[in-house]
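Printed here is my_file_33.txt (compact mmCIF, C-alpha atoms):
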```txt
# COMPACT_ATOMS: atom_id res chain seq x y z
CA MET W 1 10.75 57.50 12.76
CA ALA W 2 11.65 54.68 10.41
CA LEU W 3 15.21 55.96 10.17
CA TYR W 4 15.46 55.92 13.97
CA ASP W 5 14.35 52.26 13.96
CA VAL W 6 16.91 51.30 11.32
CA ILE W 7 19.73 53.00 13.20
CA PHE W 8 18.62 51.41 16.47
CA TYR W 9 18.68 47.92 14.99
CA LEU W 10 22.06 48.64 13.38
CA PHE W 11 23.64 49.62 16.67
CA ALA W 12 21.87 46.79 18.52
CA THR W 13 23.30 44.29 16.03
CA ILE W 14 26.78 45.77 16.40
CA VAL W 15 26.58 45.60 20.20
CA LEU W 16 25.26 42.05 20.41
CA VAL W 17 27.42 40.51 17.66
CA SER W 18 30.62 42.05 18.97
CA ALA W 19 29.72 41.16 22.57
CA GLY W 20 29.32 37.59 21.31
CA GLY W 21 32.76 37.97 19.78
CA VAL W 22 34.17 39.03 23.15
CA VAL W 23 32.68 36.02 24.88
CA PHE W 24 33.10 33.28 22.28
CA SER W 25 36.28 34.21 20.44
CA ARG W 26 39.18 31.80 20.82
CA LYS W 27 41.95 34.39 20.66
CA MET W 28 42.38 37.08 23.26
CA MET W 29 43.29 39.84 20.81
CA TYR W 30 40.07 39.19 18.87
CA SER W 31 38.16 39.49 22.13
CA ALA W 32 39.85 42.81 22.89
CA PHE W 33 39.04 44.25 19.48
CA SER W 34 35.46 42.96 19.66
CA LEU W 35 35.20 44.84 22.94
CA LEU W 36 36.17 48.00 21.02
CA PHE W 37 33.19 47.57 18.69
CA THR W 38 30.90 46.82 21.64
CA PHE W 39 31.89 50.11 23.27
CA PHE W 40 31.30 52.03 20.04
CA GLY W 41 27.89 50.40 19.59
CA VAL W 42 26.86 51.22 23.15
CA SER W 43 27.98 54.78 22.55
CA GLY W 44 25.73 54.88 19.48
CA LEU W 45 22.81 53.71 21.60
CA TYR W 46 23.54 56.57 24.01
CA VAL W 47 23.32 59.03 21.13
CA LEU W 48 19.97 57.54 20.14
CA LEU W 49 18.82 58.05 23.73
CA SER W 50 19.88 61.73 23.42
CA ALA W 51 22.66 61.38 25.99
CA ASP W 52 25.35 63.23 24.07
CA PHE W 53 27.79 63.87 26.91
CA ILE W 54 27.64 60.26 28.11
CA ALA W 55 28.26 59.02 24.56
CA VAL W 56 31.42 61.09 24.23
CA THR W 57 32.53 60.11 27.74
CA GLN W 58 31.99 56.46 26.82
CA ILE W 59 34.29 56.75 23.82
CA MET W 60 36.93 58.77 25.65
CA VAL W 61 37.08 56.75 28.88
CA TYR W 62 36.21 53.24 27.73
CA VAL W 63 37.92 53.20 24.35
CA GLY W 64 40.69 55.66 25.12
CA GLY W 65 41.47 54.45 28.62
CA ILE W 66 40.05 51.12 29.69
CA LEU W 67 40.44 49.32 26.37
CA VAL W 68 44.03 50.49 25.97
CA LEU W 69 44.77 49.23 29.49
CA ILE W 70 43.16 45.88 28.66
CA ILE W 71 45.16 45.52 25.45
CA PHE W 72 48.32 46.33 27.42
CA GLY W 73 47.30 43.62 29.85
CA VAL W 74 46.76 41.13 27.04
CA MET W 75 50.13 41.85 25.52
CA LEU W 76 52.04 41.88 28.82
CA THR W 77 50.65 38.60 30.11
CA THR W 78 51.10 36.38 27.06
CA LYS W 79 54.38 34.77 26.29
CA ILE W 80 54.74 35.01 22.51
CA THR W 81 52.76 37.63 20.67
CA GLY W 82 50.53 36.38 17.90
CA VAL W 83 51.21 32.69 18.24
CA ASP W 84 49.92 31.38 21.49
CA ILE W 85 47.42 34.00 22.65
CA LYS W 86 44.66 31.57 23.38
CA SER W 87 42.42 31.31 26.35
CA GLY W 88 41.75 28.02 28.04
CA THR W 89 38.14 26.87 28.20
CA LEU W 90 36.22 24.54 30.42
CA GLY W 91 34.81 21.16 29.58
CA ALA W 92 31.55 20.74 27.68
CA PHE W 93 29.59 19.95 30.83
CA GLN W 94 30.60 23.15 32.62
CA MET W 95 30.11 25.19 29.45
CA GLY W 96 26.61 23.73 29.15
CA ILE W 97 25.73 24.57 32.73
CA ALA W 98 27.02 28.14 32.41
CA GLY W 99 25.20 28.57 29.09
CA LEU W 100 21.95 27.26 30.52
CA ALA W 101 22.25 29.49 33.58
CA SER W 102 22.90 32.67 31.60
CA LEU W 103 20.19 31.76 29.09
CA ALA W 104 17.76 31.27 31.97
CA ILE W 105 18.75 34.67 33.38
CA ALA W 106 18.18 36.28 29.98
CA VAL W 107 14.82 34.62 29.34
CA PHE W 108 13.54 35.33 32.84
CA MET W 109 14.54 38.99 32.74
CA ILE W 110 13.18 39.52 29.22
CA ILE W 111 9.81 38.07 30.24
CA MET W 112 9.85 40.24 33.35
CA SER W 113 10.74 43.42 31.46
CA MET W 114 8.05 42.83 28.85
CA ASN W 115 5.34 42.15 31.43
CA THR W 116 6.13 45.05 33.70
CA GLN W 117 4.25 48.30 33.30
CA TRP W 118 7.19 50.72 33.62
CA MET W 119 6.44 54.22 34.77
CA GLN W 120 7.09 56.36 31.73
CA LYS W 121 6.78 60.05 31.15
CA ASP W 122 6.84 61.91 27.92
CA PRO W 123 10.27 63.40 27.50
CA LEU W 124 10.47 67.12 27.96
CA ALA W 125 11.05 69.34 24.99
CA GLU W 126 14.19 68.20 23.21
CA THR W 127 17.09 69.87 24.95
CA SER W 128 19.99 70.90 22.81
CA THR W 129 22.62 69.52 25.18
CA THR W 130 22.75 67.69 28.50
CA VAL W 131 26.16 68.98 29.56
CA GLU W 132 24.82 72.01 31.40
CA ALA W 133 22.27 70.01 33.37
CA ILE W 134 24.83 67.32 34.28
CA GLY W 135 27.35 69.91 35.42
CA GLY W 136 24.75 71.72 37.49
CA LEU W 137 23.69 68.51 39.20
CA LEU W 138 27.28 67.34 39.80
CA PHE W 139 28.25 70.56 41.55
CA THR W 140 25.15 70.96 43.67
CA GLU W 141 23.42 67.76 44.69
CA TYR W 142 26.24 65.29 44.02
CA LEU W 143 29.15 67.48 45.11
CA LEU W 144 30.22 65.15 47.94
CA ALA W 145 30.04 62.07 45.70
CA PHE W 146 32.01 63.96 43.05
CA GLY W 147 34.79 64.79 45.50
CA VAL W 148 34.89 61.26 46.85
CA ALA W 149 35.10 59.91 43.29
CA ALA W 150 38.03 62.21 42.57
CA ILE W 151 39.89 61.00 45.66
CA LEU W 152 39.01 57.40 44.79
CA LEU W 153 40.52 57.79 41.32
CA LEU W 154 43.69 59.31 42.76
CA VAL W 155 44.05 56.53 45.35
CA ALA W 156 43.29 53.83 42.77
CA PHE W 157 45.88 55.07 40.30
CA ILE W 158 48.59 55.54 42.92
CA GLY W 159 47.78 52.10 44.30
CA ALA W 160 47.85 50.54 40.83
CA ALA W 161 51.24 52.07 40.09
CA LEU W 162 52.53 50.84 43.46
CA ILE W 163 51.21 47.30 42.98
CA ALA W 164 52.40 46.90 39.39
CA ARG W 165 55.90 48.18 40.16
CA ARG W 166 58.69 45.69 39.67
CA LYS W 167 60.27 44.67 42.93
CA MET U 1 5.54 49.81 16.84
CA GLY U 2 8.30 52.31 17.49
CA ILE U 3 11.41 51.72 19.50
CA GLY U 4 10.47 51.98 23.17
CA LEU U 5 11.97 51.38 26.57
CA THR U 6 11.56 47.60 26.29
CA HIS U 7 13.82 47.40 23.23
CA TYR U 8 16.68 49.02 25.12
CA LEU U 9 16.01 46.84 28.16
CA ILE U 10 16.23 43.70 26.01
CA ILE U 11 19.56 44.82 24.51
CA SER U 12 20.84 45.45 28.00
CA ILE U 13 19.60 42.08 29.29
CA LEU U 14 21.25 40.20 26.43
CA LEU U 15 24.50 42.07 27.04
CA PHE U 16 24.26 41.18 30.75
CA ALA U 17 23.68 37.50 29.99
CA LEU U 18 26.65 37.42 27.61
CA GLY U 19 28.82 39.03 30.28
CA VAL U 20 27.71 36.49 32.90
CA PHE U 21 28.46 33.66 30.48
CA GLY U 22 31.90 35.12 29.78
CA ILE U 23 32.74 35.47 33.45
CA ALA U 24 31.53 31.94 34.19
CA THR U 25 33.37 30.16 31.37
CA ARG U 26 36.60 32.06 30.78
CA LYS U 27 39.73 31.02 32.60
CA ASN U 28 42.01 33.90 31.67
CA ALA U 29 41.76 36.73 34.21
CA ILE U 30 41.77 39.46 31.54
CA LEU U 31 38.87 37.83 29.72
CA VAL U 32 36.95 37.68 32.99
CA LEU U 33 37.60 41.42 33.26
CA MET U 34 36.17 41.93 29.76
CA GLY U 35 32.98 40.11 30.78
CA LEU U 36 32.76 42.46 33.75
CA GLU U 37 32.99 45.44 31.40
CA LEU U 38 30.08 44.04 29.37
CA ILE U 39 27.97 43.81 32.53
CA LEU U 40 28.82 47.39 33.55
CA ASN U 41 27.88 48.61 30.06
CA SER U 42 24.54 46.83 30.24
CA ALA U 43 23.80 48.55 33.55
CA ASN U 44 24.71 51.89 31.97
CA ILE U 45 22.33 51.30 29.06
CA ASN U 46 19.57 50.66 31.60
CA PHE U 47 20.34 53.90 33.43
CA ILE U 48 20.31 55.98 30.26
CA ALA U 49 17.18 54.30 28.87
CA PHE U 50 15.22 54.89 32.06
CA ALA U 51 16.52 58.46 32.18
CA ARG U 52 15.32 59.07 28.62
CA PHE U 53 11.92 57.45 28.93
CA GLY U 54 11.30 58.82 32.43
CA GLY U 55 11.02 62.36 31.16
CA MET U 56 14.72 63.14 30.39
CA ASN U 57 15.81 62.74 34.00
CA ILE U 58 19.45 63.84 34.22
CA GLU U 59 20.16 61.98 37.49
CA GLY U 60 20.49 58.75 35.52
CA HIS U 61 23.29 60.37 33.52
CA VAL U 62 25.09 61.32 36.74
CA ALA U 63 24.83 57.70 37.93
CA VAL U 64 26.39 56.55 34.65
CA ILE U 65 29.27 58.98 35.12
CA PHE U 66 30.00 57.50 38.54
CA VAL U 67 29.82 53.97 37.13
CA ILE U 68 32.35 54.92 34.44
CA ILE U 69 34.67 56.45 37.07
CA LEU U 70 34.47 53.29 39.18
CA ALA U 71 35.07 51.09 36.11
CA ALA U 72 38.22 53.03 35.27
CA ALA U 73 39.57 52.72 38.80
CA GLU U 74 38.64 49.04 38.96
CA VAL U 75 40.34 48.17 35.68
CA ALA U 76 43.53 49.99 36.68
CA VAL U 77 43.81 48.13 40.00
CA ALA U 78 42.75 44.79 38.51
CA LEU U 79 45.34 44.97 35.76
CA ALA U 80 48.05 45.86 38.27
CA ILE U 81 47.08 42.77 40.30
CA ILE U 82 47.01 40.62 37.14
CA LEU U 83 50.51 41.82 36.19
CA ASN U 84 51.75 40.84 39.64
CA ILE U 85 50.12 37.43 39.33
CA TYR U 86 51.83 36.99 35.96
CA GLN U 87 55.21 37.86 37.47
CA ASN U 88 54.74 35.23 40.18
CA PHE U 89 53.03 32.40 38.30
CA ARG U 90 53.98 33.09 34.65
CA HIS U 91 50.29 32.70 33.71
CA VAL U 92 46.98 34.38 34.57
CA ASP U 93 44.75 31.31 34.69
CA VAL U 94 42.25 31.99 37.48
CA ASP U 95 41.65 28.27 38.04
CA GLU U 96 45.29 27.62 38.90
CA ILE U 97 45.93 30.59 41.16
CA ASN U 98 45.60 29.35 44.71
CA GLN U 99 48.31 31.16 46.68
CA LEU U 100 48.27 34.68 48.03
CA LYS U 101 52.06 34.70 48.39
CA ASP U 102 55.01 32.43 47.72
```
For the file at hand, write its structure as structure tokens.
Amino acid sequence: MALYDVIFYLFATIVLVSAGGVVFSRKMMYSAFSLLFTFFGVSGLYVLLSADFIAVTQIMVYVGGILVLIIFGVMLTTKITGVDIKSGTLGAFQMGIAGLASLAIAVFMIIMSMNTQWMQKDPLAETSTTVEAIGGLLFTEYLLAFGVAAILLLVAFIGAALIARRK
Amino acid sequence: MGIGLTHYLIISILLFALGVFGIATRKNAILVLMGLELILNSANINFIAFARFGGMNIEGHVAVIFVIILAAAEVAVALAIILNIYQNFRHVDVDEINQLKD
């Protein structure tokens, strides 16, 4: 049990520190690479929550797909690579207001989550893998949503290619 | 005290607050998109944590899969739009973009 705690705090630190890097870093490339570590840390948390399939999907889709797209976006929309990739920031007053607002959100929700008596059940006997259960559910109860999601992905990618095309 | 549901909820809340702060303060459109990704990840952590501590309920995992699908589609379309904005304005500063067409 102690090992579980240590690993949890390790991944929690990775997630929060690198998410802070995404938000506070001055250079866009640093933000993009901090986002990489955030995704890996979240994937580690999924493993700790015994969601093996979701953890692998997180790495494959977020790191392999979304992050690569974002880095492409960073490199295609900055003029000179490596020199002037900086992001503009707001004035101190607006930064303060945004910081106070998000801090208030965090404090309020943490107090709420600690004072709520969540309905919890003991987990069933440790299953070896979740893939079979997920697949069964996707192709029975969520079959319509699955098909709609497939069509949505197709439409989104065709639309993206059409929009991004040079005139 | 072992690691329980509340620990994961607090991680997720802090990630959400960081994402909100990023969206509110960043001017570059791609950095706003990164803040959005942080918020989606915090929602996913919530889904998986409740699935785990609610008796290994697999429906939470299915919800996370749909969120990931939507995030992929959203990022693809958003980056296409951002590239178009860059071609028209030569920057992607969301404060300065005020025209839908030339």
Handout entry: Gap from CA of Leu49 (chain W) to CA of His61 (chain U) - Å, one decimal
Key =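 According to the coordinates, CA of Leu49 (chain W) and CA of His61 (chain U) are separated by 11.0 Å.
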Exercise for the section: Please indicate the distance in Å from CA of Gly41 (chain W) to CA of Ile14 (chain W), rounded to one decimal place. Expected result: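 Atom-to-atom, CA of Gly41 (chain W) and CA of Ile14 (chain W) are spaced 5.7 Å apart.
Closest approach to Ile3 (chain U) from the set W:Ala106, W:Val68, W:Leu48, W:Val15 is made by W:Leu48, with distances taken over only C-alpha atoms.
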Handout entry: Residue with smallest distance to Ala72 (chain U) - pool W:Ala51, W:Val6, W:Val63, W:Met95, counting only C-alpha atoms
Key =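 Closest candidate: W:Val63.
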Handout entry: Within 10 Å of Ile65 (chain U) using all atoms listed in the file, minus same-chain residues under 3 positions, as a PyMOL selection string
Key = (chain W and resi 53-54+57-58+134+138+146) or (chain U and resi 44+59-62+68-71)
Exercise for the section: Using only C-alpha atoms, pick whichever of U:Val94, U:Leu100, U:Ala51, U:Ala78 has the shortest atom-to-atom distance to Ile23 (chain U). Expected result: U:Val94
Exercise for the section: For each of W:Glu132, W:Asp52, W:Glu141, W:Asp122, take the minimum atom-to-atom distance to chain U, counting all atoms listed in the file, then give the residue where this is smallest. Expected result: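 For chain U, the nearest of the candidates is W:Asp122.
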Problem - 8 Å contact set for Gly21 (chain W), only C-alpha atoms, chain neighbours under 5 positions out, as a ChimeraX atom specification - result: /W:30-31,34-35
Handout entry: Within-12 Å shell of (40.5, 33.7, 31.9) in input frame, all atoms listed in the file, as a PyMOL selection string
Key = (chain W and resi 23+26-28+31+74+77-78+85-90) or (chain U and resi 22-36+82+91-97)
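Distance check against Gly20 (chain W) using all atoms listed in the file: of W:Val148, W:Ala92, W:Leu153, W:Ala32, the minimum falls on W:Ala32.
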Handout entry: Selected residue of minimal separation from chain U among W:Leu36, W:Leu76, W:Leu143, W:Leu10, counting only C-alpha atoms
Key = W:Leu76
Practice task
Just give me the gap between CA of Leu14 (chain U) and CA of Met60 (chain W) in Å, one decimal is fine.
Solution key: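 Going from CA of Leu14 (chain U) over to CA of Met60 (chain W) covers 24.3 Å.
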Could you list, as a PDB file with C-alpha atoms, in the frame of the given file, every residue within 10 Å of region 109-113 of chain W, counting all atoms listed in the file and ignoring same-chain residues fewer than 4 positions away?
```
ATOM      1  CA  LEU W 103      20.190  31.760  29.090  1.00  0.00           C
ATOM      2  CA  ALA W 104      17.760  31.270  31.970  1.00  0.00           C
ATOM      3  CA  ILE W 105      18.750  34.670  33.380  1.00  0.00           C
ATOM      4  CA  GLN W 117       4.250  48.300  33.300  1.00  0.00           C
ATOM      5  CA  TRP W 118       7.190  50.720  33.620  1.00  0.00           C
TER       6      TRP W 118
ATOM      7  CA  LEU U   5      11.970  51.380  26.570  1.00  0.00           C
ATOM      8  CA  THR U   6      11.560  47.600  26.290  1.00  0.00           C
ATOM      9  CA  HIS U   7      13.820  47.400  23.230  1.00  0.00           C
ATOM     10  CA  LEU U   9      16.010  46.840  28.160  1.00  0.00           C
ATOM     11  CA  ILE U  10      16.230  43.700  26.010  1.00  0.00           C
ATOM     12  CA  ILE U  11      19.560  44.820  24.510  1.00  0.00           C
ATOM     13  CA  SER U  12      20.840  45.450  28.000  1.00  0.00           C
ATOM     14  CA  ILE U  13      19.600  42.080  29.290  1.00  0.00           C
ATOM     15  CA  LEU U  14      21.250  40.200  26.430  1.00  0.00           C
ATOM     16  CA  ALA U  17      23.680  37.500  29.990  1.00  0.00           C
TER      17      ALA U  17
END
```
Problem - For Ala76 (chain U): contacts at 8 Å, only C-alpha atoms, fewer than 6 positions along chain excluded, given as number ranges by chain - result: W: 66, 69, 156-157, 160
